[in-house]
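Enquirer: Got a structure for you, written out below as C-alpha cells; questions coming shortly.
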Amino acid sequence: MARSAIQPRQAEDAPAPKRRNRVNLFELAYERLEAMLITCELPPGRFLSLQDLQDMTGYGRTPVHHAVNRLAADTLIVIRPRHGLQIAPVDLARERVLLRLRRDLERFVIGLAAERAGPSHRNQLLHIERLLRERRDRFSLAEFNALDRRIDETVLSAAAEPFLEHTLRPLHTIFRRIGFIYHSAMPQRVGLAVSVDHHIAVLNAIAARRADEAVAASDALIGFVDGMFDEMEAAIDPSLLDCRVEPLLKT
C-alpha cells in the first residue's frame, strides 16, 4: 500500500513534457523556404516533392505543408496536381508589371511610416542608416539582404497597419530574388553601393518625418530596380530564370 501511494506522487512531481509551439514551426519553415527561394537554392522552375522540402529544411510534414500553401498563395511555388510542386520560374515581364504595384503600395506605406513613426522606430531607422553608410562598400549580398528585410519590417511596423505586411511581404520576396540574381549572376557584376544609397535616402526621410521626400526617395529606389530588368533581359542566361531551359553555354 505504501509503495502504491508513492507512485502517483512521483508522477505529479514529474515535469510535464514541453509542447513545441506549432505556429512558430510554421513560421520557421516558411522563413527557411523563403530564404532558399531568394538565393535560388531552390532554383526557379525546379520540380520537387513535399518530402524533398522536408529533407532540405529539416522540418516535419505539417509545418512544410503549411509553408508551401502560403508560398503558393504568394505565387512563389506552383502546386502541380499529379506532378508535385514547382518553384515558380522568374517571369521578367510579369514581375516588371508587379513592380508597378509594389511602387504604389510602397508609396502608401512609406508615407504612412513617415507620419506615424515614433521615437523608437526613428531610432531604429537611423541606426540602420548609420550602418549602411559605414559598410556601404563592404556589404556581402547575404548581409545586405538580411538588413533589407530588417528595413522592411521596421518600416511596416512604423506604418502600424498589419494588413500591409501580408500584402507587401510576397512582393518583397519576389524582388529580393530578382536582386539576388541581378547582383550575383549578371555577366558584369554590379555592386550594391547604388542600392545602398537609395535605401539611405528613404530611411533618412522617414526618420525625419518628411513624408513627401520619403515617397520621392522610394520612387527613386523603385526606378533603380526597374532599370535592372532592361539589363537582365539583354544579358542574363535564361536558364537562371527557369532551370528547365538548357544553358546557352555549358561550363
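The way I read the labels, and the way they are meant: chains A, B, ... in the order of the C-alpha cells, residue 1 as the first residue of every chain, and ligand 1 as the first ligand shown, with later ones counted on from there.
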Going by DSSP on the backbone, which bits of segment 53-201 of chain A are alpha helix (DSSP H)? Write them as a PyMOL selection string, please.
Expert: chain A and resi 53-57+61-73+92-116+119-134+141-159+163-185+193-201
Enquirer: For segment 221-229 of chain A, work out the shell of residues within 10 Å, counting only C-alpha atoms and skipping chain neighbours fewer than 2 positions away, then give it as a PyMOL selection string.
Expert: chain A and resi 92-93+95-97+99-100+102-104+106+175+178-179+182-183+194-199+201-202+215-219+231-236
Enquirer: Considering only strand (DSSP E) as DSSP defines it on the backbone, what residues of segment 80-247 of chain A qualify? List them as number ranges by chain.
Expert: A: 80, 84-87
Enquirer: Could those selected residues go to a file with all heavy atoms, as a short mmCIF file (atom, residue, chain, number, x, y, z; two decimals), in the first residue's frame?
Expert:
```
data_model
loop_
_atom_site.label_atom_id
_atom_site.label_comp_id
_atom_site.auth_asym_id
_atom_site.auth_seq_id
_atom_site.Cartn_x
_atom_site.Cartn_y
_atom_site.Cartn_z
N ARG A 80 1.38 21.55 -58.65
CA ARG A 80 1.02 20.87 -59.89
C ARG A 80 0.38 19.51 -59.55
O ARG A 80 1.09 18.58 -59.18
CB ARG A 80 2.26 20.63 -60.76
CG ARG A 80 3.05 21.88 -61.12
CD ARG A 80 2.34 22.71 -62.15
NE ARG A 80 3.18 23.80 -62.65
CZ ARG A 80 2.72 24.78 -63.41
NH1 ARG A 80 1.45 24.79 -63.78
NH2 ARG A 80 3.54 25.75 -63.82
N GLY A 84 3.52 17.18 -58.36
CA GLY A 84 4.22 17.70 -57.19
C GLY A 84 4.23 19.21 -57.14
O GLY A 84 3.25 19.88 -57.50
N LEU A 85 5.34 19.76 -56.75
CA LEU A 85 5.50 21.20 -56.55
C LEU A 85 6.53 21.74 -57.52
O LEU A 85 7.51 21.06 -57.85
CB LEU A 85 5.95 21.49 -55.12
CG LEU A 85 5.15 20.83 -54.00
CD1 LEU A 85 5.86 21.03 -52.67
CD2 LEU A 85 3.73 21.39 -53.95
N GLN A 86 6.32 22.95 -57.96
CA GLN A 86 7.30 23.61 -58.83
C GLN A 86 7.65 24.96 -58.25
O GLN A 86 6.77 25.74 -57.87
CB GLN A 86 6.76 23.79 -60.25
CG GLN A 86 7.81 24.40 -61.19
CD GLN A 86 7.23 24.74 -62.57
OE1 GLN A 86 6.02 24.86 -62.73
NE2 GLN A 86 8.09 24.89 -63.54
N ILE A 87 8.95 25.25 -58.17
CA ILE A 87 9.38 26.60 -57.80
C ILE A 87 9.05 27.52 -58.97
O ILE A 87 9.44 27.24 -60.11
CB ILE A 87 10.90 26.62 -57.50
CG1 ILE A 87 11.26 25.58 -56.43
CG2 ILE A 87 11.32 28.01 -57.06
CD1 ILE A 87 10.47 25.68 -55.14
#
```
Enquirer: Got a sec: who's within 10 Å of segment 72-77 of chain A, counting only C-alpha atoms, leaving out chain neighbours fewer than 6 positions off, as a list of chain:residue names?
Expert: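 Contacts, in chain order: A:Glu34, A:Leu37, A:Ile38, A:Pro44, A:Gly45, A:Arg46, A:Phe47, A:His66, A:Leu85, A:Gln86, A:Ile87, A:Ala88, A:Pro89, A:Val90, A:His166, A:Thr167, A:Arg169, A:Pro170, A:Leu171, A:Thr173, A:Ile174.
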Enquirer: If you keep N, CA and C atoms, can you produce a file of those selected residues as an mmCIF file, in the first residue's frame?
Expert:
```cif
data_model
loop_
_atom_site.group_PDB
_atom_site.id
_atom_site.type_symbol
_atom_site.label_atom_id
_atom_site.label_comp_id
_atom_site.auth_asym_id
_atom_site.auth_seq_id
_atom_site.Cartn_x
_atom_site.Cartn_y
_atom_site.Cartn_z
ATOM 1 N N GLU A 34 11.481 30.524 -47.789
ATOM 2 C CA GLU A 34 11.563 31.848 -48.403
ATOM 3 C C GLU A 34 13.017 32.213 -48.679
ATOM 4 N N LEU A 37 14.347 30.267 -51.592
ATOM 5 C CA LEU A 37 13.827 30.799 -52.852
ATOM 6 C C LEU A 37 14.604 32.042 -53.283
ATOM 7 N N ILE A 38 14.841 32.942 -52.337
ATOM 8 C CA ILE A 38 15.523 34.204 -52.647
ATOM 9 C C ILE A 38 16.915 33.956 -53.198
ATOM 10 N N PRO A 44 14.628 28.466 -59.742
ATOM 11 C CA PRO A 44 13.372 28.735 -60.437
ATOM 12 C C PRO A 44 13.084 27.643 -61.477
ATOM 13 N N GLY A 45 11.858 27.144 -61.462
ATOM 14 C CA GLY A 45 11.446 26.129 -62.419
ATOM 15 C C GLY A 45 11.599 24.700 -61.940
ATOM 16 N N ARG A 46 12.302 24.477 -60.840
ATOM 17 C CA ARG A 46 12.569 23.114 -60.387
ATOM 18 C C ARG A 46 11.315 22.441 -59.838
ATOM 19 N N PHE A 47 11.168 21.150 -60.135
ATOM 20 C CA PHE A 47 10.093 20.345 -59.574
ATOM 21 C C PHE A 47 10.608 19.583 -58.361
ATOM 22 N N HIS A 66 2.129 23.602 -44.515
ATOM 23 C CA HIS A 66 1.564 24.924 -44.240
ATOM 24 C C HIS A 66 2.354 26.007 -44.982
ATOM 25 N N LEU A 85 5.345 19.759 -56.745
ATOM 26 C CA LEU A 85 5.499 21.200 -56.552
ATOM 27 C C LEU A 85 6.533 21.742 -57.520
ATOM 28 N N GLN A 86 6.319 22.950 -57.964
ATOM 29 C CA GLN A 86 7.300 23.610 -58.826
ATOM 30 C C GLN A 86 7.651 24.964 -58.249
ATOM 31 N N ILE A 87 8.949 25.253 -58.173
ATOM 32 C CA ILE A 87 9.383 26.597 -57.800
ATOM 33 C C ILE A 87 9.054 27.519 -58.966
ATOM 34 N N ALA A 88 8.321 28.572 -58.693
ATOM 35 C CA ALA A 88 7.863 29.444 -59.773
ATOM 36 C C ALA A 88 9.048 29.998 -60.559
ATOM 37 N N PRO A 89 9.062 29.825 -61.883
ATOM 38 C CA PRO A 89 10.122 30.448 -62.685
ATOM 39 C C PRO A 89 10.056 31.962 -62.582
ATOM 40 N N VAL A 90 11.146 32.607 -62.905
ATOM 41 C CA VAL A 90 11.179 34.073 -62.923
ATOM 42 C C VAL A 90 10.658 34.541 -64.274
ATOM 43 N N HIS A 166 0.928 41.460 -44.989
ATOM 44 C CA HIS A 166 0.501 40.312 -45.783
ATOM 45 C C HIS A 166 0.451 40.656 -47.268
ATOM 46 N N THR A 167 0.290 41.932 -47.591
ATOM 47 C CA THR A 167 0.229 42.366 -48.982
ATOM 48 C C THR A 167 1.625 42.551 -49.564
ATOM 49 N N ARG A 169 4.768 41.552 -48.190
ATOM 50 C CA ARG A 169 5.840 40.574 -47.978
ATOM 51 C C ARG A 169 6.101 39.701 -49.209
ATOM 52 N N PRO A 170 5.070 39.159 -49.880
ATOM 53 C CA PRO A 170 5.358 38.374 -51.084
ATOM 54 C C PRO A 170 6.066 39.184 -52.166
ATOM 55 N N LEU A 171 5.688 40.447 -52.312
ATOM 56 C CA LEU A 171 6.353 41.291 -53.303
ATOM 57 C C LEU A 171 7.815 41.522 -52.935
ATOM 58 N N THR A 173 9.689 39.474 -51.325
ATOM 59 C CA THR A 173 10.399 38.225 -51.604
ATOM 60 C C THR A 173 10.678 38.075 -53.092
ATOM 61 N N ILE A 174 9.686 38.371 -53.909
ATOM 62 C CA ILE A 174 9.854 38.278 -55.360
ATOM 63 C C ILE A 174 11.005 39.157 -55.823
#
```
Enquirer: Quick one: of A:Asn204, A:Asn145, A:Asn69, A:Ser157, who's nearest to Leu126 of chain A, counting only C-alpha atoms?
Expert: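 Of all the options, A:Asn204 lies closest to Leu126 of chain A.
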Enquirer: Restricting the calculation to only C-alpha atoms: of A:Asp91, A:Val155, A:Pro247, A:Ser239, which residue gets closest to Asn123 of chain A?
Expert: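 Using only C-alpha atoms, Asn123 of chain A sits closest to A:Val155.
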Enquirer: Using only C-alpha atoms, which residues sit within 12 Å of Glu153 of chain A once same-chain residues fewer than 4 positions away are excluded, as a list in words?
Expert: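 My reading of the contact set: Val109, Ile110, Ala113, His121, Gln124, Leu125, Ala146, Leu147, Asp148, Arg149, Ser157, Ala158, Ala159, Ala160, Glu161, Pro162, Leu164, Glu165, His166, Leu168, Arg169 and His172 of chain A.
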Enquirer: In Å, how far is it from atom CA of Cys40 of chain A to atom CA of Ala185 of chain A?
Expert: 11.0 Å
Enquirer: To one decimal in Å, tell me the separation between atom CA of Arg130 of chain A and atom CA of Ala211 of chain A.
Expert: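 If I compute the distance from atom CA of Arg130 of chain A to atom CA of Ala211 of chain A, I get 20.1 Å.
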